[in-house]
Each structure stands twice: as C-alpha cells, then as structure tokens.
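K.L.:
Before we start, here is the structure in question, set down as structure tokens.
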Protein chains: 2
Amino acid sequence: MELRHLRHFVAVAETLHMGRAAQRLGMAQPPLSQSIARLERELGVKLFERTHRRLALTRAGASLLPEARRTLQDAETARAVARGAGNGTAGDIRIGFVSAALYELLPSLVVSLRQEFPMIRPVLTEMATNEQVAALAEGTIDFGICHPPLASLERLDIIPVADETLIAAIPDDGRTGPVTIAELARMGLVLFPAAQGPSLHARILNAFAEAGHDVLIQQPATRALTMLSLVAAGVGAALLPRSTERISFKGVRFAPIEGLQLPALPVAAIARRRPRPLIVDTVLGVFNHSLEAGTGEENRIGANKLKTA
Amino acid sequence: MELRHLRHFVAVAETLHMGRAAQRLGMAQPPLSQSIARLERELGVKLFERTHRRLALTRAGASLLPEARRTLQDAETARAVARGAGNGTAGDIRIGFVSAALYELLPSLVVSLRQEFPMIRPVLTEMATNEQVAALAEGTIDFGICHPPLASLERLDIIPVADETLIAAIPDDGRTGPVTIAELARMGLVLFPAAQGPSLHARILNAFAEAGHDVLIQQPATRALTMLSLVAAGVGAALLPRSTERISFKGVRFAPIEGLQLPALPVAAIARRRPRPLIVDTVLGVFNHSLEAGTGEENRIGANKLKTA
DNA sequence: AAGTTCCATATGCAGATGATATCAAAGTTT
DNA sequence: AAACTTTGATATCATCTGCATATGGAACTT
C-alpha cells in the first residue's frame, strides 16, 4: 500500500465516480479501477459496492476514508516540514533565555512565531547568560536571550534589545512605595553569583559603595523564583528586572529603589555567527518584528530596534 | 513521495547506517542510497550529513523524522481499520437505545467494546422502541436496545436481555418509602404514548383497572428526562425503569409501588437478520460478554443469558 | 430497440525500483 | 607506509509496477 493508492481511494470515495475521480487525479479511468482493485485485494476488503451502476462506499470503505485522509494530510505535513526546514521556515529552534525575558520578550516571540511560522517549534530552556554562551558553543541551543556583557564574544552575533530597570524584591512589610538604599543595605542582598555576570555584579556593589553603604550578600541564587523564595523567608532583598513584578509571591513585595543609581540591566539576543542554520535568521527576524509590534503601553522595555547585522 | 520513501528514510535515520538499514528493509544497499537521494532531491533538502564516513541527520532530517513516523503509523492504522472492518473488528456501529439502557446496559457495552475492540466506534442515539424498528429497517442503525414486544418482528433478531422493574417517580412530598396504588391513581400518570409501546401501555392500564382504580393519563411524554420534569412540575406521577433512580432530579422522588402488580419491563437487543455486517455479530458477542461480567451486585437487572441465535 | 453511461478487462509501453558489480574515500591494522 | 576494511556512491541491467489506449459488458434511458 502506497500513498498513491490512498490518493486514488480518496478521490473515488469523494466523487463516487471512477471517470470523474480519474479526471481529478489526472489519469485515465481504467488504471484507476485497477488501482482500487489492487488496494482492495491487498487489504482483503471490498471498499466499494459496485451494484446499481453506481459506486457506494462499503462499511470498510467508509471506515478507511477518514484514516486515508488523515494519512495523506500527515504526508503533506511531513513534506512541508522538510521543505520548510530547508529554507528556515520550519523545524526546532532551541532557545535559551534568562528569567528577565520570561514575562515579556519570550512570550511575544513565541506568539509571533506561532503566527508567522507555525511550523517552527521553539524549544525553551531557562539558563543564565554564561550557560547560554557555553550552550551556543557546543550547539545545544541556537539562540539566546541574555544579559551582556559577555565573557567571550567570539563567533557570536550580539544584538542589543532593551534595557531593563532593576527593582527590589523585599520581605513584605505591609507598606507600599519605594525602599531606601539604607534599608536595602540593612537587609542584605540575595544576588546572583559573581561568575554568572561579573560585570553587572561588580557594578551593583559599586553603586552601593558609592552611595556610602556597605552591603552584605546574604546568599547567592540563580533563578528568579529561588530568589523570591529566599526573600519571602526573610533572608534578604533581591534586585530583579522590573518585569518580575508580575509574579505575585506570598510574603514578597516589589518596590522601586530610592536614592540609588543602579545600573540598567541590558538584554541582548545572541546567536552563532554565520554560517548558521537558516532558521536562526528567521527567528531573529521574527524577534525583531515582535519587538516593534510590542512597543505599546504593555511593553515596559524601551525597545531598541534590533538589527540582524 | 510515497510511503516507501518514508519507510526507507526512517530506517536510515534510525540506524544511521545504509547497510544495516538496507538489511532491515530486506533490500540491498545501493538502491537504498538512491532512494534516499531521490527523496532529498524531491524535497529539495539534504536529510543526512555524509561527512566523516558516518551519517548524521541534518536539521531538516531531524524535523522530518517524527512526521514520517507519524505518517507511517497512520498508514498502518488505516490498513488495520480497513482490514478490521472486513472481519467485523473495526468501524462504526450505530446503536439505538431506550433510556432504560442508559445507566447500566449501555455503559457496560461501551466500556467492553473499547477494551476488546478499540477500533470499533459506537455511535449512540437515544430512540424509542418503535423508532429503533424503523431505523433498523431503513438502515439508520445497526443495533438496538429496546422494549419488546415489537409491532413488526419480521427480519429482526430479538434477543431478550433483562427485565427491568418499574418504579414510580412522584412529586417530592418529603416522605420516603413506597407509594400506594391509590395515591398514584389520584395523581394521574405521565406516561409514554400508546403508539410507542401499545402492549406495555395496555398492560399498565389493565393493572390499575384490575386493582380497582381508574387512572388518568395527564400527559404523554417520550423521554425520561421530560417525564421527570413534568413530575417535578406536579403534573402527575411517572412509571420508569428502576435504573432511572440514579438520576437525582430536584422536586422528584422515586418510590417502589405498593399493592400494584405492574408488568415487568422487558429489555431486548435487536438487529437485522443475517445477512448483516460482521461487526453487528461482533458487538452482539461483546454485549453478551458484558452482561455476564456485569452480574455483580451493581447490576440490578437479572441477566438472562443472551444468545446470538 | 438503439443509445448512453459507466465500470471492468486486455494489452502494450515507459519509468521506477531493486539487484549485482564496481568505485572512491576514510579510517584501521600490520 | 601499505594493505585491508568499512561504508556510501555510481553504473548497468532486469523486472515490475503503473498508466495509457482499446475494447467489452451490464444497466439504465429515450
């Protein structure tokens, strides 16, 4: 049994007329009759009732029809996916992203991808910036959304996307409004490990020092949710990208920081330099689109226009 | 592109070795290489990376693989369904049933069917006994669960299944326990139309007459839920098969009937006489099974063993 | 009764499929 | 380093499948 036979069967089943079905298939009627007969022989079932000068589906034929249609549809999809993978409009794209991208950048990218290239399937993994660089090097991901600057920027395209503001997540004290730098210093910080972003790490500590406060790092942590959990437990205060504010976490409140000139948190897209799979360029393009489209009031990130170089 | 090519591709993709794949496919290696090359040419995509004396899937190949597998799987299913439809183990079976079957007979049949013949798909329609007879005659259903006796029993196999006891559904009076025949007669009845089961209809009225009570039919109704709704509205009392008791309907209570020798409500399976599609015999067999299996305490219906004639 | 419609059968040809033989490249062993 | 092994590609040929044309036959229509 081959797809051809299923195509023939479906055509005949839909027209119930050998001649017309043959015409639709672009072939003559006799070989079509034979093809159907062959299929019936192989399956050991009559698919059509030939009586009364008219064709009618038998029960077996009626049962086969939807299955045949589905098989043909799948074959067509397979074809389209393979072709699409060739020109970068289908296939898997493995995306690494930092948690700062989780609430705005990533969703808008995924939505845009589904709309524009439904045959592209994003495979998402949250990972820190340095992990992304390593994963790109060893080919584990194709595309990263991370926080520059990067340690090794060789063989990578780095496209600045936006600057995120940092806000504080502090144990809920029942109050609202900003926290002062003195309060933050008193609580101590839950911060990412220095290795994970040495430059930003240093700049944050510097900012405190310049303001005349000495701040203690109570506990390093990597993921946003871990940090929030630690904050809720009263371990200290965390500095997180503003979009994290969307999470409501029992025992934690978010507050802008008063009197402290914290560095902005840059966000960039990274990918291997060319030569790289076409799909990477496609996704970069969609990412660009989704940034332009997303600059309404919903998007708090000042969107630097992304250029694919 | 034919299924053959997909089979070849999947074999090579899974072994990553032309020779072994060819062996698995029962063919020589050279034509397999050609077949793959042909597929790549048609799709316009390289599916394998041939470098390093070893095969490796390209991105396009990796994308195609699951689609190809799925297509082959569907084709296999199509085959199985067609074959199964030939020997009565697959396909649609259109079942008509009276509401008395809704809570015990029908579910156990459907469950057994799913277990024993997952490729058989029951298509269920609730209809009265006389409707079932007509539907069988014109080929709208294949199988019925109804209440004998039937008006025209020509060309039908009738297999007695069980006797259901009738109980009363009366407007909720806050009490529990049985109702008397006098009370029922006073309320009047919500009963099915005589045409829908002349024999039972007559026997019910007779039973009242013999007990010395004249009973008024307040309102004819066909479906169990309609009757319950009318009972709740205080129109009268309904006589329903005991399994209906499972429904809890606001404003209605169920009660056994005291002092009235009501006829039992026979239930039977009906189908066209042979010749008939094999699937009908299969379903009759499963029905039989499910009756035997279901004679635990959960089954209040005394199960007469069903014989397929 | 002749004509029309429609599916099945018969026959022939072209192209695809697969087999055998051979080649080429890369890695392994002696 | 040379011979050998492994593995995929290419060449050539036989076979078979699939489609076309021609024809037959049954059922319904005019």
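Residue numbering restarts at 1 in every chain; chains get A, B, ... in the order shown in the structure tokens, and ligands count up from 1 in that same order.
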Would you give me, as a ChimeraX atom specification, the residues in region 23-245 of chain A that DSSP reads as strand (DSSP E)?

P.N.:
/A:48-49,56-57,91-97,120-126,143-146,156-164,166-171,179-180,189-191,217-220,237-241

K.L.:
Since we have the selection now, will you write its residues out, keeping N, CA and C atoms, as a compact mmCIF listing (two decimals), in the first residue's frame?

P.N.:
```
# COMPACT_ATOMS: atom_id res chain seq x y z
N PHE A 48 -15.76 -0.64 -2.23
CA PHE A 48 -16.92 -0.04 -2.90
C PHE A 48 -17.92 -1.11 -3.28
N GLU A 49 -19.16 -0.74 -3.23
CA GLU A 49 -20.23 -1.58 -3.71
C GLU A 49 -20.50 -1.12 -5.14
N ALA A 56 -20.78 2.91 -4.35
CA ALA A 56 -21.13 3.31 -2.98
C ALA A 56 -20.06 2.75 -2.07
N LEU A 57 -19.73 3.50 -1.05
CA LEU A 57 -18.74 3.01 -0.10
C LEU A 57 -19.33 1.86 0.70
N GLY A 91 10.83 23.62 11.67
CA GLY A 91 11.80 22.87 12.45
C GLY A 91 11.93 23.38 13.87
N ASP A 92 12.81 22.77 14.62
CA ASP A 92 13.01 23.15 16.01
C ASP A 92 14.01 24.28 16.11
N ILE A 93 13.72 25.23 16.99
CA ILE A 93 14.71 26.25 17.34
C ILE A 93 14.86 26.20 18.86
N ARG A 94 16.08 25.95 19.29
CA ARG A 94 16.31 25.79 20.73
C ARG A 94 16.74 27.14 21.30
N ILE A 95 15.96 27.65 22.18
CA ILE A 95 16.15 29.00 22.70
C ILE A 95 16.51 28.94 24.18
N GLY A 96 17.64 29.54 24.53
CA GLY A 96 17.96 29.74 25.94
C GLY A 96 17.60 31.16 26.33
N PHE A 97 17.13 31.36 27.57
CA PHE A 97 16.71 32.70 27.94
C PHE A 97 16.93 32.91 29.43
N ILE A 120 7.48 26.26 12.85
CA ILE A 120 8.66 26.37 13.70
C ILE A 120 8.25 26.08 15.14
N ARG A 121 9.01 25.20 15.77
CA ARG A 121 8.67 24.83 17.14
C ARG A 121 9.77 25.29 18.07
N PRO A 122 9.53 26.28 18.90
CA PRO A 122 10.55 26.72 19.83
C PRO A 122 10.69 25.73 20.98
N VAL A 123 11.93 25.42 21.32
CA VAL A 123 12.21 24.56 22.48
C VAL A 123 12.92 25.44 23.50
N LEU A 124 12.26 25.70 24.60
CA LEU A 124 12.70 26.75 25.52
C LEU A 124 13.42 26.17 26.74
N THR A 125 14.52 26.79 27.08
CA THR A 125 15.24 26.39 28.28
C THR A 125 15.72 27.65 28.99
N GLU A 126 15.37 27.76 30.27
CA GLU A 126 15.86 28.89 31.02
C GLU A 126 17.31 28.61 31.42
N PHE A 143 19.94 29.95 19.94
CA PHE A 143 19.53 31.33 20.09
C PHE A 143 19.44 31.61 21.59
N GLY A 144 19.93 32.77 22.00
CA GLY A 144 19.88 33.07 23.42
C GLY A 144 19.35 34.48 23.66
N ILE A 145 18.68 34.64 24.78
CA ILE A 145 18.30 35.98 25.24
C ILE A 145 18.97 36.15 26.60
N CYS A 146 19.95 37.05 26.65
CA CYS A 146 20.82 37.08 27.82
C CYS A 146 21.15 38.51 28.22
N LEU A 156 30.16 35.06 18.00
CA LEU A 156 28.76 35.28 18.36
C LEU A 156 28.29 36.60 17.78
N ASP A 157 27.07 36.59 17.29
CA ASP A 157 26.41 37.85 16.98
C ASP A 157 25.67 38.29 18.23
N ILE A 158 25.87 39.54 18.60
CA ILE A 158 25.21 40.05 19.80
C ILE A 158 24.35 41.23 19.39
N ILE A 159 23.08 41.14 19.61
CA ILE A 159 22.16 42.18 19.18
C ILE A 159 21.46 42.77 20.39
N PRO A 160 21.79 44.03 20.75
CA PRO A 160 21.15 44.63 21.92
C PRO A 160 19.66 44.79 21.69
N VAL A 161 18.88 44.53 22.71
CA VAL A 161 17.44 44.52 22.57
C VAL A 161 16.77 45.58 23.42
N ALA A 162 17.17 45.67 24.66
CA ALA A 162 16.43 46.52 25.58
C ALA A 162 17.25 46.70 26.84
N ASP A 163 16.86 47.66 27.65
CA ASP A 163 17.44 47.80 28.98
C ASP A 163 16.33 47.63 30.00
N GLU A 164 16.55 46.73 30.89
CA GLU A 164 15.56 46.52 31.94
C GLU A 164 15.98 47.32 33.17
N LEU A 166 16.14 47.73 37.20
CA LEU A 166 16.14 46.82 38.34
C LEU A 166 15.24 47.37 39.43
N ILE A 167 14.47 46.52 40.04
CA ILE A 167 13.70 46.93 41.21
C ILE A 167 14.03 45.97 42.34
N ALA A 168 13.59 46.32 43.52
CA ALA A 168 13.90 45.50 44.68
C ALA A 168 12.73 44.59 45.02
N ALA A 169 13.03 43.36 45.40
CA ALA A 169 12.03 42.46 45.98
C ALA A 169 12.41 42.29 47.43
N ILE A 170 11.52 42.71 48.31
CA ILE A 170 11.86 42.68 49.73
C ILE A 170 10.79 41.93 50.50
N PRO A 171 11.12 41.45 51.68
CA PRO A 171 10.09 40.78 52.50
C PRO A 171 8.94 41.73 52.73
N VAL A 179 11.68 51.72 48.51
CA VAL A 179 12.55 51.46 49.65
C VAL A 179 13.79 52.34 49.48
N THR A 180 14.43 52.64 50.61
CA THR A 180 15.65 53.45 50.54
C THR A 180 16.85 52.54 50.46
N LEU A 189 21.66 41.40 50.60
CA LEU A 189 21.16 41.03 49.27
C LEU A 189 21.15 39.53 49.02
N VAL A 190 20.14 39.14 48.29
CA VAL A 190 20.13 37.82 47.64
C VAL A 190 20.47 38.12 46.19
N LEU A 191 21.66 37.72 45.74
CA LEU A 191 22.12 38.14 44.42
C LEU A 191 22.65 36.95 43.64
N ILE A 217 26.20 40.32 50.94
CA ILE A 217 25.47 39.34 50.13
C ILE A 217 25.15 38.16 51.02
N GLN A 218 23.87 38.04 51.34
CA GLN A 218 23.45 37.01 52.29
C GLN A 218 23.52 35.63 51.67
N GLN A 219 23.20 35.60 50.38
CA GLN A 219 23.02 34.28 49.78
C GLN A 219 23.03 34.43 48.27
N PRO A 220 23.88 33.73 47.57
CA PRO A 220 23.77 33.77 46.11
C PRO A 220 22.66 32.84 45.63
N ALA A 237 17.09 41.05 50.57
CA ALA A 237 16.37 41.66 49.47
C ALA A 237 17.01 41.23 48.16
N ALA A 238 16.20 41.12 47.13
CA ALA A 238 16.75 40.75 45.83
C ALA A 238 16.58 41.91 44.86
N LEU A 239 17.47 42.02 43.91
CA LEU A 239 17.35 43.01 42.84
C LEU A 239 16.98 42.26 41.57
N LEU A 240 15.86 42.59 41.01
CA LEU A 240 15.37 41.82 39.88
C LEU A 240 14.88 42.75 38.79
N PRO A 241 14.84 42.24 37.56
CA PRO A 241 14.30 43.07 36.47
C PRO A 241 12.84 43.38 36.74
```

K.L.:
At a cut-off of 7 Å, using only C-alpha atoms (C1' of nucleotides), what residues contact region 193-200 of chain A? Leave out same-chain residues fewer than 6 positions from it and give the result as a ChimeraX atom specification.

P.N.:
/A:128-130,220-221

K.L.:
With 8 Å as the limit and counting only C-alpha atoms (C1' of nucleotides), what residues in chain A lie close to chain C? Please list them as an mmCIF file with N, CA and C atoms, in the first residue's frame.

P.N.:
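Result written to part18.cif:
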```cif
data_model
loop_
_atom_site.group_PDB
_atom_site.id
_atom_site.type_symbol
_atom_site.label_atom_id
_atom_site.label_comp_id
_atom_site.auth_asym_id
_atom_site.auth_seq_id
_atom_site.Cartn_x
_atom_site.Cartn_y
_atom_site.Cartn_z
ATOM 1 N N MET A 18 -15.754 6.735 -11.040
ATOM 2 C CA MET A 18 -14.404 6.409 -11.494
ATOM 3 C C MET A 18 -13.896 7.428 -12.506
ATOM 4 N N GLY A 19 -14.760 7.764 -13.449
ATOM 5 C CA GLY A 19 -14.325 8.672 -14.509
ATOM 6 C C GLY A 19 -13.924 10.028 -13.961
ATOM 7 N N PRO A 30 -9.332 3.495 -16.620
ATOM 8 C CA PRO A 30 -9.016 2.069 -16.383
ATOM 9 C C PRO A 30 -7.936 1.826 -15.327
ATOM 10 N N SER A 33 -9.401 2.160 -11.906
ATOM 11 C CA SER A 33 -10.158 0.980 -11.497
ATOM 12 C C SER A 33 -9.214 -0.105 -10.990
ATOM 13 N N ARG A 53 -25.062 0.237 -10.976
ATOM 14 C CA ARG A 53 -24.415 1.157 -11.899
ATOM 15 C C ARG A 53 -23.827 2.376 -11.204
#
```

K.L.:
Could you pull out the residues in region 51-158 of chain A that DSSP calls helix (DSSP H, G or I) from the backbone, as an MDAnalysis selection string?

P.N.:
chainID A and resid 51:53 59:87 99:101 105:116 129:137

K.L.:
Give me, as a PDB file with C-alpha atoms (C1' of nucleotides), in the first residue's frame, the contact residues of chain D against chain B at a cut-off of 9 Å, counting only C-alpha atoms (C1' of nucleotides).

P.N.:
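Written output follows (iface_30.pdb):
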```pdb
ATOM      1  C1'  DT D   6      34.345  -0.227   6.156  1.00  0.00           C
ATOM      2  C1'  DT D   7      30.887   2.494   4.133  1.00  0.00           C
ATOM      3  C1'  DG D   8      28.489   5.167   0.942  1.00  0.00           C
ATOM      4  C1'  DA D   9      28.070   6.447  -4.107  1.00  0.00           C
ATOM      5  C1'  DT D  10      27.810   5.273  -9.057  1.00  0.00           C
TER       6       DT D  10
END
```

K.L.:
Identify all chain B residues at most 10 Å from chain A by counting only C-alpha atoms; ligands do not count. Present them as number ranges by chain.

P.N.:
B: 1-6, 40, 42-47, 58-88, 90-93, 119-121, 277, 279

K.L.:
Could you save the residues just selected, with C-alpha atoms, as a CSV table (one decimal), in the first residue's frame?

P.N.:
```
chain,number,residue,atom,x,y,z
B,1,MET,CA,6.9,10.9,-2.4
B,2,GLU,CA,5.5,7.6,-1.4
B,3,LEU,CA,5.3,5.6,1.8
B,4,ARG,CA,8.2,3.6,0.6
B,5,HIS,CA,10.4,6.6,0.7
B,6,LEU,CA,9.3,7.4,4.2
B,40,GLU,CA,16.2,14.5,-0.9
B,42,GLU,CA,12.2,15.8,-4.4
B,43,LEU,CA,12.1,17.7,-1.1
B,44,GLY,CA,14.9,19.9,-2.1
B,45,VAL,CA,16.6,19.3,1.2
B,46,LYS,CA,19.6,17.4,2.4
B,47,LEU,CA,18.3,14.9,5.0
B,58,THR,CA,20.6,17.3,9.3
B,59,ARG,CA,18.1,19.7,10.9
B,60,ALA,CA,15.7,19.0,8.1
B,61,GLY,CA,16.1,15.3,8.6
B,62,ALA,CA,15.5,15.6,12.3
B,63,SER,CA,12.4,17.6,11.6
B,64,LEU,CA,11.1,15.1,9.1
B,65,LEU,CA,11.7,12.1,11.2
B,66,PRO,CA,8.8,12.4,13.6
B,67,GLU,CA,6.4,13.5,10.8
B,68,ALA,CA,7.5,10.5,8.7
B,69,ARG,CA,7.0,8.2,11.7
B,70,ARG,CA,3.6,9.5,12.3
B,71,THR,CA,2.6,9.2,8.6
B,72,LEU,CA,3.7,5.6,8.6
B,73,GLN,CA,1.8,4.9,11.8
B,74,ASP,CA,-1.3,6.4,10.3
B,75,ALA,CA,-1.0,4.4,7.2
B,76,GLU,CA,-0.7,1.3,9.4
B,77,THR,CA,-3.8,2.3,11.3
B,78,ALA,CA,-5.6,2.9,8.1
B,79,ARG,CA,-4.7,-0.6,7.0
B,80,ALA,CA,-5.7,-2.1,10.3
B,81,VAL,CA,-9.1,-0.3,10.3
B,82,ALA,CA,-9.9,-1.4,6.7
B,83,ARG,CA,-8.9,-5.0,7.4
B,84,GLY,CA,-10.8,-4.9,10.7
B,85,ALA,CA,-13.9,-3.5,9.0
B,86,GLY,CA,-13.7,-6.5,6.8
B,87,ASN,CA,-13.8,-9.0,9.6
B,88,GLY,CA,-16.0,-7.1,11.9
B,90,ALA,CA,-13.4,-2.2,13.3
B,91,GLY,CA,-15.6,0.5,12.1
B,92,ASP,CA,-18.7,2.3,13.2
B,93,ILE,CA,-21.6,0.6,14.8
B,119,MET,CA,-11.1,0.1,16.6
B,120,ILE,CA,-14.9,-0.2,16.8
B,121,ARG,CA,-16.6,3.1,17.4
B,277,PRO,CA,-22.4,-6.8,8.6
B,279,ILE,CA,-19.5,-6.0,13.1
```

K.L.:
Just the residues within 8 Å of Ile181 (chain B), please, counting only C-alpha atoms (C1' of nucleotides), with nothing from its chain fewer than 4 positions along; format it as a PyMOL selection string.

P.N.:
chain B and resi 185+208+213+257-260

K.L.:
Can you list, as a PyMOL selection string, every protein, DNA or RNA residue that comes within 8 Å of region 107-111 of chain A when you count only C-alpha atoms (C1' of nucleotides), leaving out same-chain residues fewer than 6 positions away?

P.N.:
chain A and resi 122+286-287+290-291+294

K.L.:
Using only C-alpha atoms, which of the listed residues (A:Leu39, A:Val267, A:Ala137, A:Leu184) sits closest to Asp214 (chain A)?

P.N.:
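Nearest to Asp214 (chain A): A:Leu184.
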